[in-house]
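Notes for the one structure printed next.
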Amino acid sequence: MTTALERLNTATTEEATQALTRCCGSTRWVQAMLAVRPFRDAEHLFAEATDAWARTGPEDWKEAFTHHPRIGDVSKLREKFAATAQWSSQEQQGVAAADERVLEALAQGNRDYEARYGFIFLVCATGKSAAQMLALLQGRMDHAPDAELRIAAGEQAKITRIRLEKLLAS
């Protein structure tokens, strides 16, 4: 039986690009990952992913952020992010049980955050309730723009790792 890692290693460039883009939407990151194929094992894949992300910069980070729906925006998740909708909905499971007040506050918080920073609020949502994500969003609104961009990039790195794990488990 072929493992997911073997499939990634032997996939066409187009297929591997699609698979890796599901994990991280930065073109530079994806190209760096393609350049180091084949991966010896999962740990090699994860190490290369970390190194490739460390070599990206603010424009690459913002590009990656555009591949995520806003926290709690289920309609956009289904519409625009079909390739990652299942993963995103699993990651945002805590939103499904949220009451309307929290969802409305998340929606307003997302709008305020995006107006302030110029990119969506990004958090590794896995295991977090909607109320926890709202508290994180509100707590990050006072950061300087450069500091917040770095925090969001760190969250993207966590999300990428989780998605690579999901890719290997598929």
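So you can find residues: chains in the structure tokens are A, B, ... in the order shown, residues in each start at 1, and ligands are numbered from 1 in order.
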For stretch 121-123 of chain A: contacts at 7 Å, only C-alpha atoms, fewer than 6 positions along chain excluded, given as an MDAnalysis selection string: chainID A and resid 70 110 113:114 137 152 155
Writing out the chosen residues with C-alpha atoms as an mmCIF file, in the first residue's frame:
data_model
loop_
_atom_site.group_PDB
_atom_site.id
_atom_site.type_symbol
_atom_site.label_atom_id
_atom_site.label_comp_id
_atom_site.auth_asym_id
_atom_site.auth_seq_id
_atom_site.Cartn_x
_atom_site.Cartn_y
_atom_site.Cartn_z
ATOM 1 C CA ARG A 70 -12.363 34.303 8.653
ATOM 2 C CA ASN A 110 -12.800 40.121 12.373
ATOM 3 C CA TYR A 113 -8.994 43.423 13.016
ATOM 4 C CA GLU A 114 -8.825 43.427 9.233
ATOM 5 C CA LEU A 137 -8.770 38.239 18.787
ATOM 6 C CA ALA A 152 -0.114 35.687 12.732
ATOM 7 C CA GLU A 155 -0.063 30.859 13.892
#
Work out how far atom CA of A:Ile159 is from atom CA of A:Thr2, in Å to one decimal. 25.3 Å
Hey, what's within 8 Å of A:His67 if we count only C-alpha atoms and toss same-chain stuff fewer than 2 positions away? As a ChimeraX atom specification, please? /A:24-25,63-65,69,81
Between atom CA of A:Leu106 and atom CA of A:Phe119 lies a distance of 15.1 Å
Find the distance between atom CA of A:Ile120 and atom CA of A:Thr56 and write it in Å to one decimal. 18.4 Å
Which residues are close to A:Ala42, i.e. within 8 Å by only C-alpha atoms, leaving aside same-chain residues fewer than 3 positions away? Reply as number ranges by chain. A: 5, 39, 45-46, 168
Dump C-alpha atoms for the selected residues as a compact mmCIF listing (two decimals), in the first residue's frame?
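Generated output (selection-v1.txt):
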# COMPACT_ATOMS: atom_id res chain seq x y z
CA LEU A 5 4.27 10.56 1.88
CA PHE A 39 11.13 13.63 1.74
CA LEU A 45 8.99 16.88 5.76
CA PHE A 46 8.21 18.81 8.96
CA LEU A 168 0.13 12.39 5.77
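Summary of the local environment: counting only C-alpha atoms, residues at most 10 Å from A:Glu48, other than itself and those fewer than 5 positions away along its chain, are Trp29, Ala32, Met33, Val36, Arg37, Phe39, Ala42, Glu43, Trp53 and Ala54 of chain A.
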Since we have the selection now, will you write its residues out, keeping all heavy atoms, as a PDB file, in the first residue's frame?
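Below is the file part.pdb, written as the result:
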ATOM      1  N   TRP A  29       6.716  29.313  -0.188  1.00  0.00           N
ATOM      2  CA  TRP A  29       6.838  28.134   0.681  1.00  0.00           C
ATOM      3  C   TRP A  29       6.622  26.867  -0.138  1.00  0.00           C
ATOM      4  O   TRP A  29       7.391  25.909  -0.024  1.00  0.00           O
ATOM      5  CB  TRP A  29       5.842  28.224   1.840  1.00  0.00           C
ATOM      6  CG  TRP A  29       5.910  27.055   2.769  1.00  0.00           C
ATOM      7  CD1 TRP A  29       6.746  26.914   3.840  1.00  0.00           C
ATOM      8  CD2 TRP A  29       5.123  25.854   2.705  1.00  0.00           C
ATOM      9  NE1 TRP A  29       6.510  25.698   4.444  1.00  0.00           N
ATOM     10  CE2 TRP A  29       5.528  25.032   3.762  1.00  0.00           C
ATOM     11  CE3 TRP A  29       4.116  25.410   1.856  1.00  0.00           C
ATOM     12  CZ2 TRP A  29       4.966  23.778   4.003  1.00  0.00           C
ATOM     13  CZ3 TRP A  29       3.558  24.153   2.083  1.00  0.00           C
ATOM     14  CH2 TRP A  29       3.985  23.364   3.148  1.00  0.00           C
ATOM     15  N   ALA A  32       9.595  26.126  -2.334  1.00  0.00           N
ATOM     16  CA  ALA A  32      10.718  25.623  -1.534  1.00  0.00           C
ATOM     17  C   ALA A  32      10.507  24.156  -1.170  1.00  0.00           C
ATOM     18  O   ALA A  32      11.460  23.350  -1.193  1.00  0.00           O
ATOM     19  CB  ALA A  32      10.885  26.468  -0.267  1.00  0.00           C
ATOM     20  N   MET A  33       9.283  23.803  -0.860  1.00  0.00           N
ATOM     21  CA  MET A  33       8.986  22.414  -0.509  1.00  0.00           C
ATOM     22  C   MET A  33       9.130  21.496  -1.725  1.00  0.00           C
ATOM     23  O   MET A  33       9.662  20.378  -1.612  1.00  0.00           O
ATOM     24  CB  MET A  33       7.578  22.309   0.087  1.00  0.00           C
ATOM     25  CG  MET A  33       7.421  23.018   1.422  1.00  0.00           C
ATOM     26  SD  MET A  33       8.458  22.320   2.721  1.00  0.00           S
ATOM     27  CE  MET A  33       7.600  20.763   3.001  1.00  0.00           C
ATOM     28  N   VAL A  36      12.766  20.421  -2.477  1.00  0.00           N
ATOM     29  CA  VAL A  36      13.485  19.470  -1.619  1.00  0.00           C
ATOM     30  C   VAL A  36      12.880  18.062  -1.654  1.00  0.00           C
ATOM     31  O   VAL A  36      13.368  17.180  -0.949  1.00  0.00           O
ATOM     32  CB  VAL A  36      13.599  19.972  -0.158  1.00  0.00           C
ATOM     33  CG1 VAL A  36      14.452  21.221  -0.100  1.00  0.00           C
ATOM     34  CG2 VAL A  36      12.238  20.197   0.461  1.00  0.00           C
ATOM     35  N   ARG A  37      11.835  17.866  -2.457  1.00  0.00           N
ATOM     36  CA  ARG A  37      11.317  16.505  -2.594  1.00  0.00           C
ATOM     37  C   ARG A  37      12.388  15.622  -3.187  1.00  0.00           C
ATOM     38  O   ARG A  37      13.177  16.092  -4.012  1.00  0.00           O
ATOM     39  CB  ARG A  37      10.090  16.479  -3.524  1.00  0.00           C
ATOM     40  CG  ARG A  37       8.833  16.875  -2.916  1.00  0.00           C
ATOM     41  CD  ARG A  37       7.621  16.540  -3.771  1.00  0.00           C
ATOM     42  NE  ARG A  37       7.714  16.913  -5.171  1.00  0.00           N
ATOM     43  CZ  ARG A  37       6.993  16.378  -6.148  1.00  0.00           C
ATOM     44  NH1 ARG A  37       6.104  15.456  -5.901  1.00  0.00           N
ATOM     45  NH2 ARG A  37       7.133  16.768  -7.397  1.00  0.00           N
ATOM     46  N   PHE A  39      10.944  13.570   0.299  1.00  0.00           N
ATOM     47  CA  PHE A  39      11.131  13.634   1.745  1.00  0.00           C
ATOM     48  C   PHE A  39      11.422  12.217   2.251  1.00  0.00           C
ATOM     49  O   PHE A  39      10.739  11.274   1.874  1.00  0.00           O
ATOM     50  CB  PHE A  39       9.880  14.208   2.415  1.00  0.00           C
ATOM     51  CG  PHE A  39       9.517  15.562   1.873  1.00  0.00           C
ATOM     52  CD1 PHE A  39       8.474  15.715   0.971  1.00  0.00           C
ATOM     53  CD2 PHE A  39      10.245  16.688   2.239  1.00  0.00           C
ATOM     54  CE1 PHE A  39       8.149  16.960   0.460  1.00  0.00           C
ATOM     55  CE2 PHE A  39       9.936  17.933   1.729  1.00  0.00           C
ATOM     56  CZ  PHE A  39       8.882  18.070   0.834  1.00  0.00           C
ATOM     57  N   ALA A  42       8.435  11.601   7.644  1.00  0.00           N
ATOM     58  CA  ALA A  42       7.601  12.703   8.125  1.00  0.00           C
ATOM     59  C   ALA A  42       8.431  13.776   8.815  1.00  0.00           C
ATOM     60  O   ALA A  42       8.201  14.973   8.606  1.00  0.00           O
ATOM     61  CB  ALA A  42       6.518  12.167   9.064  1.00  0.00           C
ATOM     62  N   GLU A  43       9.376  13.380   9.612  1.00  0.00           N
ATOM     63  CA  GLU A  43      10.188  14.379  10.332  1.00  0.00           C
ATOM     64  C   GLU A  43      10.990  15.243   9.359  1.00  0.00           C
ATOM     65  O   GLU A  43      11.159  16.441   9.586  1.00  0.00           O
ATOM     66  CB  GLU A  43      11.090  13.708  11.374  1.00  0.00           C
ATOM     67  CG  GLU A  43      10.327  13.178  12.570  1.00  0.00           C
ATOM     68  CD  GLU A  43       9.345  14.189  13.171  1.00  0.00           C
ATOM     69  OE1 GLU A  43       9.736  15.351  13.432  1.00  0.00           O
ATOM     70  OE2 GLU A  43       8.175  13.821  13.374  1.00  0.00           O
ATOM     71  N   TRP A  53       9.400  27.966   5.814  1.00  0.00           N
ATOM     72  CA  TRP A  53       8.611  29.067   6.368  1.00  0.00           C
ATOM     73  C   TRP A  53       9.533  30.130   6.952  1.00  0.00           C
ATOM     74  O   TRP A  53       9.274  31.332   6.808  1.00  0.00           O
ATOM     75  CB  TRP A  53       7.618  28.548   7.407  1.00  0.00           C
ATOM     76  CG  TRP A  53       6.653  29.600   7.858  1.00  0.00           C
ATOM     77  CD1 TRP A  53       6.572  30.148   9.105  1.00  0.00           C
ATOM     78  CD2 TRP A  53       5.650  30.258   7.079  1.00  0.00           C
ATOM     79  NE1 TRP A  53       5.571  31.100   9.147  1.00  0.00           N
ATOM     80  CE2 TRP A  53       4.992  31.180   7.912  1.00  0.00           C
ATOM     81  CE3 TRP A  53       5.236  30.160   5.753  1.00  0.00           C
ATOM     82  CZ2 TRP A  53       3.952  31.998   7.458  1.00  0.00           C
ATOM     83  CZ3 TRP A  53       4.199  30.972   5.309  1.00  0.00           C
ATOM     84  CH2 TRP A  53       3.576  31.879   6.158  1.00  0.00           C
ATOM     85  N   ALA A  54      10.624  29.719   7.566  1.00  0.00           N
ATOM     86  CA  ALA A  54      11.565  30.669   8.162  1.00  0.00           C
ATOM     87  C   ALA A  54      12.225  31.548   7.092  1.00  0.00           C
ATOM     88  O   ALA A  54      12.676  32.657   7.399  1.00  0.00           O
ATOM     89  CB  ALA A  54      12.630  29.926   8.964  1.00  0.00           C
TER      90      ALA A  54
END
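Taking only C-alpha atoms into account, A:Pro58 lies nearest to A:Ala153 out of the set A:Ala153, A:Ala115, A:Ala19, A:Cys124.
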Residues within 8 Å of A:Val30, only C-alpha atoms, excluding chain neighbours under 6 positions, as number ranges by chain: A: 17, 20-21, 24
For all heavy atoms, I'd like the residues from the last selection saved as a PDB file, in the first residue's frame.
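Generated file (selection-v2.pdb):
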ATOM      1  N   THR A  17       1.935  20.480  -5.873  1.00  0.00           N
ATOM      2  CA  THR A  17       1.643  21.891  -5.617  1.00  0.00           C
ATOM      3  C   THR A  17       0.269  22.032  -4.984  1.00  0.00           C
ATOM      4  O   THR A  17       0.104  22.760  -3.992  1.00  0.00           O
ATOM      5  CB  THR A  17       1.723  22.709  -6.919  1.00  0.00           C
ATOM      6  OG1 THR A  17       3.069  22.639  -7.412  1.00  0.00           O
ATOM      7  CG2 THR A  17       1.335  24.165  -6.703  1.00  0.00           C
ATOM      8  N   LEU A  20       0.371  20.666  -1.322  1.00  0.00           N
ATOM      9  CA  LEU A  20       1.115  21.542  -0.408  1.00  0.00           C
ATOM     10  C   LEU A  20       0.393  22.870  -0.201  1.00  0.00           C
ATOM     11  O   LEU A  20       0.420  23.426   0.899  1.00  0.00           O
ATOM     12  CB  LEU A  20       2.537  21.748  -0.924  1.00  0.00           C
ATOM     13  CG  LEU A  20       3.421  20.496  -0.858  1.00  0.00           C
ATOM     14  CD1 LEU A  20       4.705  20.700  -1.661  1.00  0.00           C
ATOM     15  CD2 LEU A  20       3.730  20.118   0.588  1.00  0.00           C
ATOM     16  N   THR A  21      -0.262  23.370  -1.245  1.00  0.00           N
ATOM     17  CA  THR A  21      -1.005  24.625  -1.116  1.00  0.00           C
ATOM     18  C   THR A  21      -2.161  24.467  -0.139  1.00  0.00           C
ATOM     19  O   THR A  21      -2.534  25.429   0.541  1.00  0.00           O
ATOM     20  CB  THR A  21      -1.489  25.118  -2.491  1.00  0.00           C
ATOM     21  OG1 THR A  21      -0.340  25.311  -3.337  1.00  0.00           O
ATOM     22  CG2 THR A  21      -2.257  26.423  -2.395  1.00  0.00           C
ATOM     23  N   CYS A  24      -0.377  25.247   3.129  1.00  0.00           N
ATOM     24  CA  CYS A  24       0.096  26.625   3.281  1.00  0.00           C
ATOM     25  C   CYS A  24      -0.015  27.317   1.927  1.00  0.00           C
ATOM     26  O   CYS A  24       0.518  26.813   0.937  1.00  0.00           O
ATOM     27  CB  CYS A  24       1.543  26.661   3.771  1.00  0.00           C
ATOM     28  SG  CYS A  24       2.218  28.333   3.924  1.00  0.00           S
TER      29      CYS A  24
END
